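Novice: Here it is, the structure in full.
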Amino acid sequence: MNEKSHEGIYESSPFIAWIHNLSKNQMKYLNSRIDELNLGHEMRFIMMIYDNPNISQDDLVSISGNSKANIAKTLKKLEDTDYIRREVNPKNRRKYMLKTTEKGDEIVPKIRQISRDWEVEVGITDQDNELKERIKEIAINAMELVG
């Protein structure tokens with residue numbers, strides 16, 4: 001095969017393989033800049049909870065596409081490391097509302113700055129806003145498709 005490869009992804013690989021590669025490499029970049037946190041994809045959940053105070057565990061399952069078991073495990077880790085807290089939902093005492101703690105609130109701006117630095121480093125510019133919006137639309141369509 002004469003096809004050029006970049007970390008196992010070939011020029012003819014599906015579009016989603018390239019998106020996955022972007023996500024994976026952004027996480028590597030974030031972790032290399034905040035390695036003392038020992039967090040991986042959990043950073044995304046801290047940010048989701050920060051941006052959506054009182055979000056439920058079920059909402060995170062829907063948004064992320066992860067299983068209930070994986071979300072529960074992730075939330076337990078974030079709670080044990082004091083990034084989030086769970087509060088009983090007064091409207092439904094069997095469900096919890098999720099909120100970031102002070103420690104979680106402090107890390108989000110750092111994660112966002114490092115993410116912006118990564119975007120600059122890989123060449124994502126303001127001219128890519130239309131592309132970003134289109135990818136968001138595709139992601140929403142995908143969530144609704146498997147819903």
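Chain labels run A, B, ... following the order of the structure tokens; each chain numbers its residues from 1, and ligands are numbered from 1 in the order shown.
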Write down as a ChimeraX atom specification the residues belonging to stretch 2-71 of chain A that are assigned alpha helix (DSSP H) by DSSP computed on the backbone.
Specialist: /A:15-33,42-51,57-64,68-71
Novice: For those residues, write N, CA and C atoms to a file as a short mmCIF file (atom, residue, chain, number, x, y, z; two decimals), in the first residue's frame.
Specialist:
```cif
data_model
loop_
_atom_site.label_atom_id
_atom_site.label_comp_id
_atom_site.auth_asym_id
_atom_site.auth_seq_id
_atom_site.Cartn_x
_atom_site.Cartn_y
_atom_site.Cartn_z
N PHE A 15 -13.99 10.07 7.36
CA PHE A 15 -13.96 11.38 7.99
C PHE A 15 -13.95 11.27 9.51
N ILE A 16 -14.78 10.36 10.04
CA ILE A 16 -14.90 10.22 11.49
C ILE A 16 -13.58 9.80 12.13
N ALA A 17 -12.74 9.06 11.40
CA ALA A 17 -11.43 8.67 11.93
C ALA A 17 -10.57 9.90 12.17
N TRP A 18 -10.67 10.88 11.28
CA TRP A 18 -9.91 12.12 11.44
C TRP A 18 -10.45 12.93 12.62
N ILE A 19 -11.77 12.96 12.79
CA ILE A 19 -12.38 13.66 13.93
C ILE A 19 -11.92 13.00 15.23
N HIS A 20 -11.95 11.68 15.26
CA HIS A 20 -11.52 10.95 16.45
C HIS A 20 -10.05 11.26 16.75
N ASN A 21 -9.23 11.31 15.71
CA ASN A 21 -7.82 11.62 15.86
C ASN A 21 -7.62 13.01 16.46
N LEU A 22 -8.39 13.99 15.97
CA LEU A 22 -8.32 15.34 16.54
C LEU A 22 -8.64 15.32 18.03
N SER A 23 -9.71 14.64 18.38
CA SER A 23 -10.14 14.58 19.77
C SER A 23 -9.07 13.91 20.64
N LYS A 24 -8.56 12.80 20.17
CA LYS A 24 -7.54 12.07 20.92
C LYS A 24 -6.28 12.91 21.12
N ASN A 25 -5.85 13.59 20.08
CA ASN A 25 -4.64 14.39 20.18
C ASN A 25 -4.84 15.66 21.00
N GLN A 26 -6.04 16.22 20.98
CA GLN A 26 -6.31 17.36 21.85
C GLN A 26 -6.22 16.92 23.31
N MET A 27 -6.75 15.73 23.63
CA MET A 27 -6.68 15.24 25.00
C MET A 27 -5.22 15.01 25.42
N LYS A 28 -4.41 14.48 24.51
CA LYS A 28 -2.98 14.30 24.81
C LYS A 28 -2.33 15.65 25.11
N TYR A 29 -2.67 16.66 24.30
CA TYR A 29 -2.11 18.00 24.49
C TYR A 29 -2.54 18.56 25.85
N LEU A 30 -3.84 18.47 26.15
CA LEU A 30 -4.35 18.96 27.43
C LEU A 30 -3.65 18.27 28.59
N ASN A 31 -3.56 16.95 28.51
CA ASN A 31 -2.92 16.21 29.60
C ASN A 31 -1.45 16.56 29.75
N SER A 32 -0.78 16.87 28.65
CA SER A 32 0.63 17.24 28.75
C SER A 32 0.81 18.60 29.41
N ARG A 33 -0.23 19.43 29.36
CA ARG A 33 -0.17 20.76 29.96
C ARG A 33 -0.71 20.80 31.38
N GLU A 42 -12.33 12.99 31.37
CA GLU A 42 -13.11 13.55 32.47
C GLU A 42 -13.16 15.07 32.41
N MET A 43 -12.11 15.68 31.83
CA MET A 43 -12.10 17.14 31.70
C MET A 43 -13.34 17.64 30.97
N ARG A 44 -13.74 16.88 29.95
CA ARG A 44 -14.92 17.30 29.18
C ARG A 44 -16.18 17.28 30.03
N PHE A 45 -16.26 16.31 30.94
CA PHE A 45 -17.43 16.23 31.80
C PHE A 45 -17.44 17.35 32.82
N ILE A 46 -16.28 17.71 33.33
CA ILE A 46 -16.21 18.86 34.23
C ILE A 46 -16.73 20.10 33.50
N MET A 47 -16.32 20.27 32.26
CA MET A 47 -16.75 21.45 31.49
C MET A 47 -18.25 21.39 31.18
N MET A 48 -18.78 20.22 30.85
CA MET A 48 -20.22 20.09 30.59
C MET A 48 -21.02 20.46 31.82
N ILE A 49 -20.56 19.98 32.98
CA ILE A 49 -21.27 20.26 34.23
C ILE A 49 -21.13 21.74 34.58
N TYR A 50 -19.95 22.30 34.40
CA TYR A 50 -19.71 23.72 34.66
C TYR A 50 -20.64 24.58 33.80
N ASP A 51 -20.76 24.23 32.52
CA ASP A 51 -21.58 25.00 31.59
C ASP A 51 -23.08 24.76 31.77
N GLN A 57 -27.26 13.06 35.43
CA GLN A 57 -26.43 11.98 34.92
C GLN A 57 -27.01 11.48 33.59
N ASP A 58 -28.33 11.36 33.51
CA ASP A 58 -28.98 10.92 32.27
C ASP A 58 -28.70 11.89 31.12
N ASP A 59 -28.68 13.19 31.44
CA ASP A 59 -28.37 14.18 30.41
C ASP A 59 -26.95 13.97 29.87
N LEU A 60 -26.01 13.68 30.76
CA LEU A 60 -24.63 13.43 30.34
C LEU A 60 -24.54 12.18 29.46
N VAL A 61 -25.33 11.16 29.77
CA VAL A 61 -25.36 9.95 28.94
C VAL A 61 -25.82 10.33 27.54
N SER A 62 -26.88 11.12 27.45
CA SER A 62 -27.41 11.52 26.14
C SER A 62 -26.43 12.37 25.35
N ILE A 63 -25.83 13.35 26.01
CA ILE A 63 -24.93 14.28 25.34
C ILE A 63 -23.65 13.59 24.89
N SER A 64 -23.10 12.73 25.73
CA SER A 64 -21.78 12.16 25.45
C SER A 64 -21.83 10.90 24.61
N LYS A 68 -24.36 4.42 30.70
CA LYS A 68 -24.67 4.85 32.07
C LYS A 68 -23.57 4.40 33.03
N ALA A 69 -23.05 3.20 32.81
CA ALA A 69 -22.00 2.68 33.69
C ALA A 69 -20.73 3.52 33.58
N ASN A 70 -20.34 3.88 32.36
CA ASN A 70 -19.14 4.71 32.19
C ASN A 70 -19.31 6.09 32.80
N ILE A 71 -20.49 6.67 32.61
CA ILE A 71 -20.76 7.99 33.19
C ILE A 71 -20.73 7.90 34.71
#
```
Novice: Would you mind reading off the distance between atom CA of A:Leu78 and atom CA of A:Lys103, one decimal, in Å?
Specialist: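 Those two atoms sit 10.6 Å apart.
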Novice: Compare A:Asn54, A:Ser12, A:Asn38, A:Asn141 by their minimum atom-to-atom distance to A:Asn89, counting only C-alpha atoms, and give me the closest one.
Specialist: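 So, comparing all the options, the nearest one is A:Asn54.
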Novice: So, counting only C-alpha atoms, which residue among A:Leu98, A:Ile34, A:Glu144, A:Lys73 is closest to A:Ser56?
Specialist: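 When distances to A:Ser56 are compared using only C-alpha atoms, the smallest one comes from A:Leu98.
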Novice: Atom CA of A:Asp80 to atom CA of A:Gly104: how many Å, to one decimal?
Specialist: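 Answer for the atom CA of A:Asp80 to atom CA of A:Gly104 separation: 12.1 Å.
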Novice: Could you give me, as a ChimeraX atom specification, each residue of stretch 10-121 of chain A that DSSP assigns to strand (DSSP E) when run on this structure's backbone?
Specialist: /A:10,84-89,92-100
Novice: Would you mind telling me which residue in A:Ile124, A:Ile55, A:Ala72, A:Ile111 lies nearest to A:Leu39 when using only C-alpha atoms?
Specialist: A:Ile111
